[in-house]
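Here is the file final.txt (compact mmCIF, C-alpha atoms and all ligand atoms).
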# COMPACT_ATOMS: atom_id res chain seq x y z
CA MET A 9 56.75 29.09 82.27
CA GLY A 10 57.79 27.67 85.61
CA GLU A 11 60.03 30.61 86.42
CA THR A 12 59.85 32.37 89.75
CA VAL A 13 58.39 35.84 89.70
CA ASP A 14 60.88 38.55 89.01
CA GLY A 15 61.00 41.79 91.01
CA HIS A 16 58.63 43.99 89.06
CA GLY A 17 56.30 41.13 88.33
CA SER A 18 55.59 40.12 91.91
CA ALA A 19 52.03 39.91 93.15
CA GLN A 20 51.53 43.48 94.23
CA ALA A 21 49.00 42.60 96.89
CA ALA A 22 51.67 40.71 98.84
CA SER A 23 53.92 43.69 99.48
CA PRO A 24 57.15 43.13 101.36
CA ALA A 25 58.01 45.85 103.86
CA GLY A 26 60.13 48.65 102.46
CA VAL A 27 59.17 48.23 98.78
CA PHE A 28 56.76 51.12 98.73
CA ALA A 29 57.72 54.79 98.91
CA PRO A 30 55.44 57.87 98.94
CA THR A 31 53.52 58.24 95.68
CA ALA A 32 53.60 61.09 93.18
CA ALA A 33 51.16 63.98 93.37
CA GLY A 34 47.66 63.01 92.22
CA VAL A 35 48.17 59.29 92.71
CA PRO A 36 46.52 57.90 95.84
CA ASP A 37 48.66 55.77 98.11
CA ARG A 38 46.38 52.72 98.22
CA MET A 39 44.48 50.70 95.65
CA ARG A 40 42.38 47.58 95.35
CA ALA A 41 43.98 44.47 93.90
CA TRP A 42 42.37 41.07 93.39
CA THR A 43 44.21 37.83 94.10
CA THR A 44 43.59 34.14 93.56
CA ARG A 45 45.18 31.04 95.02
CA GLY A 46 43.71 28.95 92.20
CA ASP A 47 40.93 27.81 94.52
CA GLY A 48 37.97 28.90 92.43
CA ILE A 49 35.93 31.89 91.36
CA ASP A 50 34.15 32.26 94.72
CA ARG A 51 37.46 32.65 96.56
CA LEU A 52 38.86 35.38 94.32
CA THR A 53 39.35 38.18 96.84
CA SER A 54 40.22 41.85 96.76
CA ALA A 55 42.20 43.82 99.29
CA SER A 56 43.36 47.38 99.83
CA VAL A 57 47.12 47.46 99.27
CA PRO A 58 49.72 50.21 98.86
CA ILE A 59 50.27 51.49 95.33
CA PRO A 60 53.83 50.63 94.30
CA VAL A 61 56.28 53.25 93.13
CA PRO A 62 58.01 52.64 89.80
CA GLY A 63 61.65 51.65 89.85
CA PRO A 64 64.06 53.48 87.48
CA THR A 65 62.87 51.62 84.35
CA GLU A 66 59.22 51.05 85.27
CA VAL A 67 55.97 52.87 84.64
CA LEU A 68 52.95 52.93 86.93
CA VAL A 69 49.80 52.31 84.91
CA LYS A 70 46.26 53.05 86.08
CA ILE A 71 44.24 50.18 84.66
CA SER A 72 41.00 51.22 82.98
CA ALA A 73 39.71 47.90 81.62
CA VAL A 74 40.66 44.22 81.49
CA SER A 75 39.16 41.45 79.36
CA LEU A 76 38.72 37.79 80.20
CA ASN A 77 40.20 34.78 78.43
CA TYR A 78 39.65 31.04 78.81
CA ARG A 79 43.11 30.98 80.38
CA ASP A 80 41.92 33.13 83.31
CA LEU A 81 39.49 30.35 84.28
CA LEU A 82 42.40 27.89 84.34
CA VAL A 83 44.45 30.15 86.65
CA VAL A 84 41.55 31.02 88.98
CA GLY A 85 40.37 27.40 88.94
CA GLY A 86 43.87 26.08 89.68
CA VAL A 87 43.89 23.69 86.72
CA ASP A 88 47.12 21.69 86.12
CA HIS A 89 50.21 23.85 85.68
CA TRP A 90 48.10 27.03 85.57
CA SER A 91 47.57 26.69 89.33
CA PRO A 92 49.40 29.45 91.27
CA THR A 93 51.67 28.30 94.09
CA GLU A 94 51.05 31.54 96.01
CA PRO A 95 48.39 34.28 95.73
CA VAL A 96 48.67 36.07 92.41
CA VAL A 97 46.82 38.89 90.67
CA PRO A 98 45.06 37.12 87.75
CA VAL A 99 43.86 38.23 84.26
CA SER A 100 46.19 38.72 81.31
CA ASP A 101 44.49 41.26 79.02
CA GLY A 102 44.19 44.88 79.95
CA VAL A 103 44.80 48.50 79.08
CA GLY A 104 45.56 51.57 81.13
CA THR A 105 47.15 54.98 81.27
CA VAL A 106 50.65 55.75 82.46
CA VAL A 107 50.44 57.94 85.58
CA THR A 108 54.05 58.07 86.81
CA VAL A 109 57.36 56.93 85.34
CA GLY A 110 60.68 55.88 86.85
CA ALA A 111 63.63 58.26 86.73
CA GLY A 112 65.28 56.45 83.81
CA VAL A 113 62.19 55.93 81.64
CA THR A 114 62.51 57.43 78.16
CA ARG A 115 59.77 55.70 76.11
CA TRP A 116 56.66 56.75 78.02
CA ARG A 117 55.22 59.73 79.82
CA PRO A 118 52.12 60.27 81.93
CA GLY A 119 48.98 60.16 79.80
CA ASP A 120 50.22 57.48 77.37
CA ARG A 121 47.82 54.56 76.94
CA VAL A 122 49.56 51.19 77.07
CA SER A 123 49.06 47.44 77.43
CA ALA A 124 51.45 44.83 78.78
CA GLY A 125 52.57 42.08 76.42
CA PHE A 126 51.40 38.62 77.57
CA LEU A 127 54.95 37.19 77.38
CA PRO A 128 56.83 40.32 78.49
CA ARG A 129 60.29 39.22 77.33
CA TRP A 130 59.16 38.16 73.85
CA ARG A 131 59.87 41.46 72.16
CA SER A 132 60.15 40.40 68.48
CA GLY A 133 61.27 37.57 66.22
CA PRO A 134 60.56 33.92 66.94
CA LEU A 135 59.61 32.66 70.41
CA THR A 136 62.56 31.09 72.25
CA ARG A 137 63.02 29.15 75.47
CA GLU A 138 64.43 32.31 77.09
CA THR A 139 61.46 34.48 76.09
CA TYR A 140 58.76 31.91 76.87
CA VAL A 141 58.65 32.97 80.54
CA SER A 142 56.60 34.99 83.02
CA PRO A 143 53.20 35.09 81.28
CA VAL A 144 51.13 37.99 82.61
CA GLY A 145 48.12 36.89 84.66
CA GLY A 146 49.52 33.96 86.61
CA PRO A 147 50.46 31.45 87.67
CA VAL A 148 53.87 33.04 88.38
CA ASN A 149 53.69 36.61 87.11
CA ARG A 150 51.12 39.16 88.27
CA GLY A 151 48.16 40.05 86.09
CA MET A 152 46.09 43.13 85.37
CA LEU A 153 43.21 42.79 87.86
CA ALA A 154 44.32 45.69 90.03
CA GLU A 155 43.68 49.40 89.92
CA TYR A 156 47.37 50.12 89.30
CA VAL A 157 50.09 47.90 87.81
CA LEU A 158 53.83 48.36 87.36
CA ILE A 159 55.21 47.58 83.92
CA GLU A 160 58.84 47.64 82.73
CA GLU A 161 59.08 50.38 80.12
CA ASP A 162 60.17 47.98 77.37
CA GLU A 163 57.45 45.46 78.26
CA ALA A 164 54.68 47.98 77.54
CA VAL A 165 53.15 48.47 74.10
CA CYS A 166 51.35 51.52 72.74
CA SER A 167 47.64 50.76 72.60
CA SER A 168 45.29 51.39 69.67
CA HIS A 169 44.48 55.06 69.03
CA SER A 170 41.05 54.40 67.54
CA LEU A 171 39.54 52.03 70.12
CA ASP A 172 38.07 53.07 73.44
CA GLU A 173 39.30 51.43 76.64
CA VAL A 174 36.80 48.56 76.64
CA HIS A 175 37.68 47.50 73.11
CA ALA A 176 41.42 48.15 73.51
CA ALA A 177 41.51 45.83 76.54
CA THR A 178 40.87 42.83 74.28
CA LEU A 179 44.04 43.05 72.17
CA PRO A 180 46.93 41.60 74.26
CA ILE A 181 45.94 37.89 74.22
CA ALA A 182 42.94 37.05 72.06
CA GLY A 183 43.74 39.71 69.48
CA VAL A 184 47.46 39.14 69.22
CA THR A 185 47.06 35.35 69.09
CA ALA A 186 44.72 35.69 66.12
CA TRP A 187 47.07 38.22 64.49
CA HIS A 188 50.06 35.88 64.99
CA ALA A 189 48.11 33.11 63.22
CA VAL A 190 46.38 35.07 60.47
CA GLY A 191 48.93 37.79 59.76
CA HIS A 192 52.23 36.07 60.45
CA ARG A 193 52.20 32.28 60.26
CA SER A 194 49.33 31.55 57.87
CA ARG A 195 50.03 34.82 56.02
CA VAL A 196 46.47 35.12 54.79
CA ARG A 197 46.24 36.86 51.40
CA PRO A 198 43.31 38.60 49.66
CA GLY A 199 41.00 36.12 47.97
CA GLU A 200 41.98 33.17 50.18
CA THR A 201 39.58 31.14 52.34
CA VAL A 202 40.03 30.53 56.06
CA LEU A 203 38.09 28.05 58.21
CA VAL A 204 37.60 29.38 61.75
CA HIS A 205 36.19 27.05 64.42
CA GLY A 206 33.65 28.48 66.86
CA THR A 207 32.93 32.02 67.94
CA GLY A 208 35.24 32.39 70.94
CA GLY A 209 37.37 35.45 71.50
CA VAL A 210 40.33 34.28 69.41
CA SER A 211 38.09 32.95 66.64
CA LEU A 212 36.12 36.17 66.25
CA PHE A 213 39.36 38.16 66.02
CA ALA A 214 40.68 35.68 63.44
CA ALA A 215 37.49 36.02 61.38
CA GLN A 216 37.50 39.84 61.54
CA LEU A 217 41.21 40.08 60.63
CA THR A 218 40.68 37.64 57.75
CA LEU A 219 37.85 39.80 56.45
CA ALA A 220 39.92 42.98 56.82
CA LEU A 221 42.72 41.35 54.77
CA GLY A 222 40.30 40.78 51.89
CA ALA A 223 39.97 37.02 52.43
CA THR A 224 36.87 34.95 53.17
CA PRO A 225 36.34 33.44 56.63
CA ILE A 226 34.11 30.37 56.96
CA VAL A 227 33.09 30.33 60.63
CA THR A 228 31.44 27.46 62.53
CA SER A 229 29.22 27.78 65.58
CA SER A 230 26.90 25.64 67.68
CA SER A 231 24.27 28.35 67.73
CA ASP A 232 21.99 29.86 65.08
CA GLU A 233 21.71 32.98 67.22
CA LYS A 234 25.49 33.44 67.09
CA ILE A 235 25.47 32.70 63.36
CA GLY A 236 22.99 35.57 62.95
CA LYS A 237 25.49 37.80 64.77
CA LEU A 238 28.28 36.62 62.46
CA HIS A 239 26.18 37.63 59.46
CA ALA A 240 25.63 41.05 61.04
CA LEU A 241 29.43 41.41 61.20
CA GLY A 242 29.64 40.81 57.46
CA ILE A 243 30.75 37.17 57.78
CA ALA A 244 28.54 35.48 55.21
CA GLU A 245 29.95 31.92 55.16
CA THR A 246 28.93 30.00 58.27
CA ILE A 247 28.25 26.41 59.37
CA ASN A 248 26.23 25.28 62.39
CA TYR A 249 28.42 22.38 63.56
CA ARG A 250 25.59 20.91 65.67
CA ARG A 251 23.22 20.60 62.75
CA THR A 252 25.99 19.89 60.22
CA PRO A 253 28.57 17.79 62.11
CA ASP A 254 30.44 16.89 58.92
CA ILE A 255 32.05 20.32 58.70
CA ALA A 256 34.69 19.14 56.25
CA ALA A 257 32.12 17.98 53.68
CA GLU A 258 30.34 21.33 53.97
CA VAL A 259 33.63 23.23 53.58
CA LEU A 260 34.50 21.19 50.47
CA ARG A 261 31.05 22.00 49.08
CA LYS A 262 31.58 25.72 49.75
CA THR A 263 35.04 25.71 48.15
CA ALA A 264 34.30 23.72 44.97
CA VAL A 265 35.98 20.62 46.49
CA GLU A 266 39.32 22.44 46.86
CA GLY A 267 39.25 22.91 50.62
CA VAL A 268 40.27 26.07 52.47
CA ASP A 269 43.68 27.71 52.20
CA HIS A 270 44.03 27.96 55.99
CA VAL A 271 42.42 26.71 59.18
CA ILE A 272 42.45 28.49 62.53
CA GLU A 273 42.27 25.52 64.91
CA THR A 274 40.99 26.82 68.25
CA VAL A 275 39.28 23.60 69.36
CA GLY A 276 42.06 21.01 69.26
CA GLY A 277 41.69 17.35 70.19
CA ASP A 278 40.09 15.18 67.51
CA ASN A 279 38.75 18.34 65.84
CA LEU A 280 42.14 18.48 64.11
CA ASN A 281 40.91 15.63 61.88
CA ARG A 282 38.08 17.86 60.64
CA SER A 283 40.59 20.60 59.94
CA LEU A 284 42.83 18.19 58.03
CA GLU A 285 39.91 17.06 55.90
CA ALA A 286 38.78 20.64 55.25
CA VAL A 287 42.16 22.14 54.34
CA LYS A 288 43.30 22.14 50.74
CA VAL A 289 46.41 20.34 49.45
CA GLY A 290 49.35 22.54 50.43
CA GLY A 291 47.27 24.51 52.93
CA SER A 292 48.09 25.49 56.51
CA ILE A 293 46.62 24.93 59.96
CA SER A 294 47.36 27.40 62.76
CA PHE A 295 47.00 25.36 65.94
CA ILE A 296 45.91 27.56 68.84
CA GLY A 297 43.39 25.97 71.18
CA LEU A 298 42.89 22.94 73.35
CA ILE A 299 39.17 23.17 74.19
CA ALA A 300 38.59 19.54 73.09
CA GLY A 301 41.71 18.21 74.76
CA ARG A 302 45.49 18.19 74.63
CA ALA A 303 45.81 14.77 72.98
CA ALA A 304 44.06 13.38 69.92
CA ASN A 305 43.76 10.38 67.64
CA ILE A 306 44.93 11.98 64.40
CA ASN A 307 44.83 10.75 60.82
CA VAL A 308 48.52 11.47 60.26
CA TYR A 309 48.34 10.14 56.69
CA GLN A 310 46.51 13.36 55.76
CA PHE A 311 49.45 15.51 56.85
CA VAL A 312 51.67 13.78 54.35
CA THR A 313 49.37 13.32 51.41
CA LYS A 314 48.05 16.89 51.63
CA ASN A 315 51.47 18.46 52.23
CA VAL A 316 49.93 20.41 55.11
CA THR A 317 51.90 22.92 57.19
CA VAL A 318 50.88 23.05 60.84
CA HIS A 319 51.89 26.13 62.83
CA GLY A 320 51.89 25.93 66.62
CA ILE A 321 50.71 29.34 67.80
CA GLU A 322 51.65 30.71 71.21
CA SER A 323 50.10 34.16 71.81
CA GLY A 324 52.36 36.75 70.14
CA SER A 325 55.34 39.04 70.66
CA LEU A 326 55.24 42.65 71.82
CA GLU A 327 56.06 43.68 68.26
CA MET A 328 53.03 41.74 67.00
CA LEU A 329 50.85 43.46 69.60
CA GLY A 330 52.02 46.84 68.29
CA GLU A 331 51.35 45.73 64.71
CA LEU A 332 47.87 44.58 65.66
CA ALA A 333 47.05 47.93 67.29
CA ALA A 334 48.17 49.72 64.11
CA PHE A 335 46.28 47.25 61.86
CA VAL A 336 43.09 47.70 63.86
CA ASP A 337 43.45 51.49 63.60
CA ASP A 338 44.20 51.41 59.85
CA HIS A 339 41.46 48.93 58.91
CA GLY A 340 38.72 50.05 61.29
CA VAL A 341 38.46 46.66 63.01
CA THR A 342 36.28 46.87 66.13
CA PRO A 343 36.64 43.92 68.51
CA VAL A 344 33.34 42.24 69.36
CA ILE A 345 32.28 42.83 72.97
CA ASP A 346 29.78 40.46 74.57
CA SER A 347 29.33 42.27 77.86
CA VAL A 348 30.91 44.76 80.23
CA TYR A 349 30.96 44.29 84.02
CA PRO A 350 32.20 46.67 86.72
CA VAL A 351 35.10 45.09 88.61
CA GLU A 352 32.90 44.61 91.68
CA GLN A 353 31.09 41.92 89.62
CA ILE A 354 34.23 40.05 88.56
CA GLN A 355 32.87 36.73 89.86
CA ASP A 356 29.71 37.08 87.74
CA ALA A 357 31.85 37.89 84.72
CA LEU A 358 34.04 34.79 85.20
CA ARG A 359 30.93 32.59 85.61
CA HIS A 360 29.53 34.11 82.42
CA LEU A 361 32.76 33.12 80.62
CA GLU A 362 32.55 29.63 82.15
CA LEU A 363 29.03 29.14 80.75
CA GLY A 364 30.42 29.54 77.21
CA LYS A 365 27.36 31.39 75.92
CA HIS A 366 29.24 34.62 75.19
CA PHE A 367 29.72 36.06 71.71
CA GLY A 368 32.79 38.24 71.82
CA LYS A 369 34.87 39.43 74.73
CA ILE A 370 33.76 39.85 78.31
CA VAL A 371 35.29 43.06 79.64
CA ILE A 372 35.69 44.37 83.19
CA THR A 373 35.94 48.10 83.82
CA MET A 374 37.93 49.51 86.71
CA PRO A 375 36.78 52.53 88.76
CA GLY A 376 37.01 55.77 86.79
CA ALA A 377 36.89 54.13 83.34
CA ALA A 378 35.15 56.17 80.66
CA GLU A 379 31.67 55.14 79.51
CA THR A 380 31.70 53.07 76.33
CA SER A 381 29.09 52.31 73.71
CA LEU A 382 29.06 48.79 72.25
N1 LIG B 1 47.85 29.46 71.98
C1 LIG B 1 47.56 30.64 72.49
O1 LIG B 1 48.38 31.55 72.59
C2 LIG B 1 46.18 30.88 72.95
C3 LIG B 1 45.74 32.19 73.22
C4 LIG B 1 44.43 32.38 73.56
C5 LIG B 1 43.59 31.28 73.65
N2 LIG B 1 44.08 30.04 73.43
C6 LIG B 1 43.21 28.85 73.50
O2 LIG B 1 42.30 28.92 72.41
C7 LIG B 1 41.07 28.33 72.79
C8 LIG B 1 39.95 29.34 72.59
O3 LIG B 1 40.14 30.41 73.49
P1 LIG B 1 39.07 31.58 73.58
O4 LIG B 1 39.53 32.48 74.68
O5 LIG B 1 38.81 32.14 72.23
O6 LIG B 1 37.81 30.74 74.09
P2 LIG B 1 36.32 31.17 74.33
O7 LIG B 1 36.13 32.63 74.09
O8 LIG B 1 35.92 30.60 75.64
O9 LIG B 1 35.57 30.41 73.14
C9 LIG B 1 35.05 29.13 73.23
C10 LIG B 1 34.22 28.88 71.95
O10 LIG B 1 34.73 27.73 71.30
C11 LIG B 1 33.71 27.19 70.50
N3 LIG B 1 33.73 25.73 70.55
C12 LIG B 1 33.71 24.94 71.63
N4 LIG B 1 33.72 23.64 71.24
C13 LIG B 1 33.74 23.65 69.88
C14 LIG B 1 33.74 22.65 68.88
N5 LIG B 1 33.72 21.36 69.17
N6 LIG B 1 33.80 23.04 67.58
C15 LIG B 1 33.83 24.35 67.25
N7 LIG B 1 33.81 25.34 68.17
C16 LIG B 1 33.77 24.98 69.45
C17 LIG B 1 32.38 27.72 71.01
O11 LIG B 1 31.83 28.51 69.96
P3 LIG B 1 30.24 28.48 69.66
O12 LIG B 1 29.59 28.89 70.93
O13 LIG B 1 30.04 29.44 68.55
O14 LIG B 1 29.90 27.07 69.27
C18 LIG B 1 32.79 28.56 72.22
O15 LIG B 1 32.03 29.73 72.34
C19 LIG B 1 41.26 27.85 74.25
O16 LIG B 1 41.69 26.51 74.25
C20 LIG B 1 42.37 28.73 74.75
O17 LIG B 1 43.09 28.16 75.82
C21 LIG B 1 45.33 29.82 73.07
What's the structure tokens form of this structure?
Ligand SMILES: NC(=O)c1ccc[n+]([C@@H]2O[C@H](COP(=O)([O-])OP(=O)(O)OC[C@H]3O[C@@H](n4cnc5c(N)ncnc54)[C@H](OP(=O)(O)O)[C@@H]3O)[C@@H](O)[C@H]2O)c1
Amino acid sequence: MGETVDGHGSAQAASPAGVFAPTAAGVPDRMRAWTTRGDGIDRLTSASVPIPVPGPTEVLVKISAVSLNYRDLLVVGGVDHWSPTEPVVPVSDGVGTVVTVGAGVTRWRPGDRVSAGFLPRWRSGPLTRETYVSPVGGPVNRGMLAEYVLIEEDEAVCSSHSLDEVHAATLPIAGVTAWHAVGHRSRVRPGETVLVHGTGGVSLFAAQLTLALGATPIVTSSSDEKIGKLHALGIAETINYRRTPDIAAEVLRKTAVEGVDHVIETVGGDNLNRSLEAVKVGGSISFIGLIAGRAANINVYQFVTKNVTVHGIESGSLEMLGELAAFVDDHGVTPVIDSVYPVEQIQDALRHLELGKHFGKIVITMPGAAETSL
């Protein structure tokens, strides 16, 4: 992060003179785009701006749906380094259909359904300093909250074939982060046990992917109502962490004192101590979230005596996003949707996310999106 916006990634609402040329047949010449200065949900504004024309290696994508992540609140709220230094189109997750392509584009044609990778330059392999740049959705690179978005042809990924637009919009951050943890770093195997903290977007994906891989998720939640919804998803092992604060003791009881093979740590802070107590000797912790804070007082002795492997998880590569789309298609995984808002109600949707009462993803549909059934 910290890089200036590159040409194609610039905030499209702030169009310099001369960038825009006449659009292709069937594509209007203006669109609505939403921008934030990091000064709060109420000040997120939309404007009518020209629709950009793809450069030689770009595609113009008509966005059909976007989904919200905790990160979007940090960008819109201007928290720490997530605060944009100039107006930027927020929101990282989204899906749309290619409508026009640049003269040199070979990978895509109009009608293809694509998403943008969250870290556009992280194509495959391990994350590096060079590829950890320009995250989609601010603070420096534009996001998906616009009717049309330009994407470099090799920064777009083929979306799921089985999911509709609302469900497909949830894959690029929450989905791929869970896939990176469960499928790549923790390498969950059939028959293993996986502790998943909470029922946020990443956690629900992690639990569903674990189940689809033939392993057993043990999912915690503060709410009996949400636990009922977990059971309806086929997730039988649950713990209400409000009523049973000693999660580790309960996990040891459920696993015949062994502990779980893996933990998906989406809470962070001192919660890592619970994860360390709950994981088995030789197990792994995929460290994803910072809900409970970026620093913690950790029982480091447990790392050593339990021979624990801790994986730091940063979203996922474009290749992982493609794998996830294929996995979801092959295994019939349907992302959990909490609610769907039309884009005109984006502020209500962000406040809903802020409340933290959601179960599954909050999705925003753009004008012209197909009806979906949840
Ligand atoms: N590293 C990455 O690439 C990456 C990518 C995406 C997200 N993240 C991070 O991962 C975290 C989760 O993101 P998200 O989008 O999934 O969030 P989210 O949808 O807002 O989920 C928040 C959920 O966390 C649970 N929770 C809160 N405090 C908890 C606690 N003390 N113990 C157990 N669960 C607790 C709650 O579940 P219940 O209501 O069921 O209690 C809550 O609904 C955030 O810190 C986010 O920044 C990181």
Using only C-alpha atoms and all ligand atoms, the best pick from A:Val271, A:Val83, A:Leu332, A:Leu76 as closest to ligand LIG 1 (chain B) would be A:Leu76
What's around Pro350 (chain A) at 10 Å? Count all atoms listed in the file, leave out sequence neighbours fewer than 4 positions away in its own chain, and write the answer as an MDAnalysis selection string. chainID A and resid 73 354 356:357 371:375 377
Give me the residues within 12 Å of Arg302 (chain A) as a compact mmCIF listing (two decimals) with C-alpha atoms, in the frame of the given file, counting only C-alpha atoms and dropping any in the same chain fewer than 6 places off.
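Heads up, here's the output in out_19.txt:
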# COMPACT_ATOMS: atom_id res chain seq x y z
CA THR A 274 40.99 26.82 68.25
CA VAL A 275 39.28 23.60 69.36
CA GLY A 276 42.06 21.01 69.26
CA GLY A 277 41.69 17.35 70.19
CA ASP A 278 40.09 15.18 67.51
CA ASN A 279 38.75 18.34 65.84
CA LEU A 280 42.14 18.48 64.11
CA PHE A 295 47.00 25.36 65.94
CA ILE A 296 45.91 27.56 68.84
Residue nearest Thr108 (chain A) among A:Glu94, A:Glu233, A:Glu161, A:Asp50 (counting all atoms listed in the file): A:Glu161
Expected axis-aligned box over every listed atom of region 115-131 of chain A, 4 Å added per side, centre plus edges in Å to one decimal, as AutoDock Vina command-line options:
--center_x 54.1 --center_y 48.7 --center_z 77.0 --size_x 20.5 --size_y 31.1 --size_z 17.8
Give me, as JSON, numbers by chain, all polymer residues having an atom no more than 9 Å from region 243-259 of chain A, counting only C-alpha atoms and skipping those fewer than 5 positions away in the same chain. {"A": [203, 206, 215, 216, 219, 224, 225, 226, 227, 228, 229, 230, 231, 232, 235, 237, 238, 264, 265, 266, 267, 268, 282, 283, 284, 285, 286, 287]}
Contacts of Glu155 (chain A) at 7 Å (all atoms listed in the file; same-chain gap of 2+ positions) as a PyMOL selection string: chain A and resi 39-41+70-71+153+157+374
Export of the given selection (C-alpha atoms) as an mmCIF file, keeping the file's coordinate frame:
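That gives us result_17.cif:
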data_model
loop_
_atom_site.group_PDB
_atom_site.id
_atom_site.type_symbol
_atom_site.label_atom_id
_atom_site.label_comp_id
_atom_site.auth_asym_id
_atom_site.auth_seq_id
_atom_site.Cartn_x
_atom_site.Cartn_y
_atom_site.Cartn_z
ATOM 1 C CA MET A 39 44.480 50.700 95.650
ATOM 2 C CA ARG A 40 42.380 47.580 95.350
ATOM 3 C CA ALA A 41 43.980 44.470 93.900
ATOM 4 C CA LYS A 70 46.260 53.050 86.080
ATOM 5 C CA ILE A 71 44.240 50.180 84.660
ATOM 6 C CA LEU A 153 43.210 42.790 87.860
ATOM 7 C CA VAL A 157 50.090 47.900 87.810
ATOM 8 C CA MET A 374 37.930 49.510 86.710
#
Can you work out which one of A:Asn307, A:Gly145, A:Val109, A:Thr317 has the shortest atom-to-atom distance to Asn77 (chain A), counting all atoms listed in the file?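 Of A:Asn307, A:Gly145, A:Val109, A:Thr317, the one nearest Asn77 (chain A), counting all atoms listed in the file, is A:Gly145.
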CA of Leu127 (chain A) and CA of Pro98 (chain A) are how many Å apart? 14.3 Å
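Nearest-residue note for ligand LIG 1 (chain B): choosing from A:Arg129, A:His239, A:Arg193, A:Lys365, the minimum distance belongs to A:Lys365, counting all atoms listed in the file.
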In file coordinates, which residues lie within 12 Å of (42.2, 49.5, 104.2) using only C-alpha atoms, given as a list of chain:residue names?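 With a cut-off of 12 Å, the residues come to A:Asp37, A:Arg38, A:Met39, A:Arg40, A:Ala41, A:Ser54, A:Ala55, A:Ser56, A:Val57, A:Pro58.
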Nearest candidate to Leu358 (chain A) (options A:Val316, A:Leu68, A:Ala223, A:Val84; using all atoms listed in the file):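 Among the listed residues, A:Val84 lies closest to Leu358 (chain A).
Nearest residue to Ala124 (chain A), choosing from A:Gly330, A:Gly376, A:Gly191, A:Gly112 and counting all atoms listed in the file: A:Gly330.
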To one decimal in Å, tell me the separation between CA of Ser294 (chain A) and CA of Val318 (chain A). 5.9 Å
Rebuild region 352-364 of chain A to N, CA and C atoms - output it as an mmCIF file, in the coordinates of the input, please.
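Now in rebuild27.cif:
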data_model
loop_
_atom_site.group_PDB
_atom_site.id
_atom_site.type_symbol
_atom_site.label_atom_id
_atom_site.label_comp_id
_atom_site.auth_asym_id
_atom_site.auth_seq_id
_atom_site.Cartn_x
_atom_site.Cartn_y
_atom_site.Cartn_z
ATOM 1 N N GLU A 352 33.549 45.184 90.484
ATOM 2 C CA GLU A 352 32.900 44.610 91.680
ATOM 3 C C GLU A 352 32.151 43.323 91.331
ATOM 4 N N GLN A 353 31.828 43.130 90.033
ATOM 5 C CA GLN A 353 31.090 41.920 89.620
ATOM 6 C C GLN A 353 32.007 40.936 88.892
ATOM 7 N N ILE A 354 33.277 40.915 89.250
ATOM 8 C CA ILE A 354 34.230 40.050 88.560
ATOM 9 C C ILE A 354 33.823 38.577 88.630
ATOM 10 N N GLN A 355 33.276 38.147 89.762
ATOM 11 C CA GLN A 355 32.870 36.730 89.860
ATOM 12 C C GLN A 355 31.771 36.398 88.849
ATOM 13 N N ASP A 356 30.790 37.305 88.713
ATOM 14 C CA ASP A 356 29.710 37.080 87.740
ATOM 15 C C ASP A 356 30.285 37.004 86.328
ATOM 16 N N ALA A 357 31.255 37.862 86.060
ATOM 17 C CA ALA A 357 31.850 37.890 84.720
ATOM 18 C C ALA A 357 32.580 36.567 84.427
ATOM 19 N N LEU A 358 33.313 36.056 85.413
ATOM 20 C CA LEU A 358 34.040 34.790 85.200
ATOM 21 C C LEU A 358 33.045 33.623 85.012
ATOM 22 N N ARG A 359 31.940 33.664 85.773
ATOM 23 C CA ARG A 359 30.930 32.590 85.610
ATOM 24 C C ARG A 359 30.282 32.691 84.231
ATOM 25 N N HIS A 360 30.084 33.888 83.763
ATOM 26 C CA HIS A 360 29.530 34.110 82.420
ATOM 27 C C HIS A 360 30.472 33.488 81.373
ATOM 28 N N LEU A 361 31.773 33.701 81.537
ATOM 29 C CA LEU A 361 32.760 33.120 80.620
ATOM 30 C C LEU A 361 32.701 31.586 80.693
ATOM 31 N N GLU A 362 32.570 31.083 81.922
ATOM 32 C CA GLU A 362 32.550 29.630 82.150
ATOM 33 C C GLU A 362 31.367 28.975 81.443
ATOM 34 N N LEU A 363 30.236 29.688 81.391
ATOM 35 C CA LEU A 363 29.030 29.140 80.750
ATOM 36 C C LEU A 363 29.223 28.909 79.253
ATOM 37 N N GLY A 364 30.120 29.713 78.637
ATOM 38 C CA GLY A 364 30.420 29.540 77.210
ATOM 39 C C GLY A 364 29.341 30.051 76.285
#
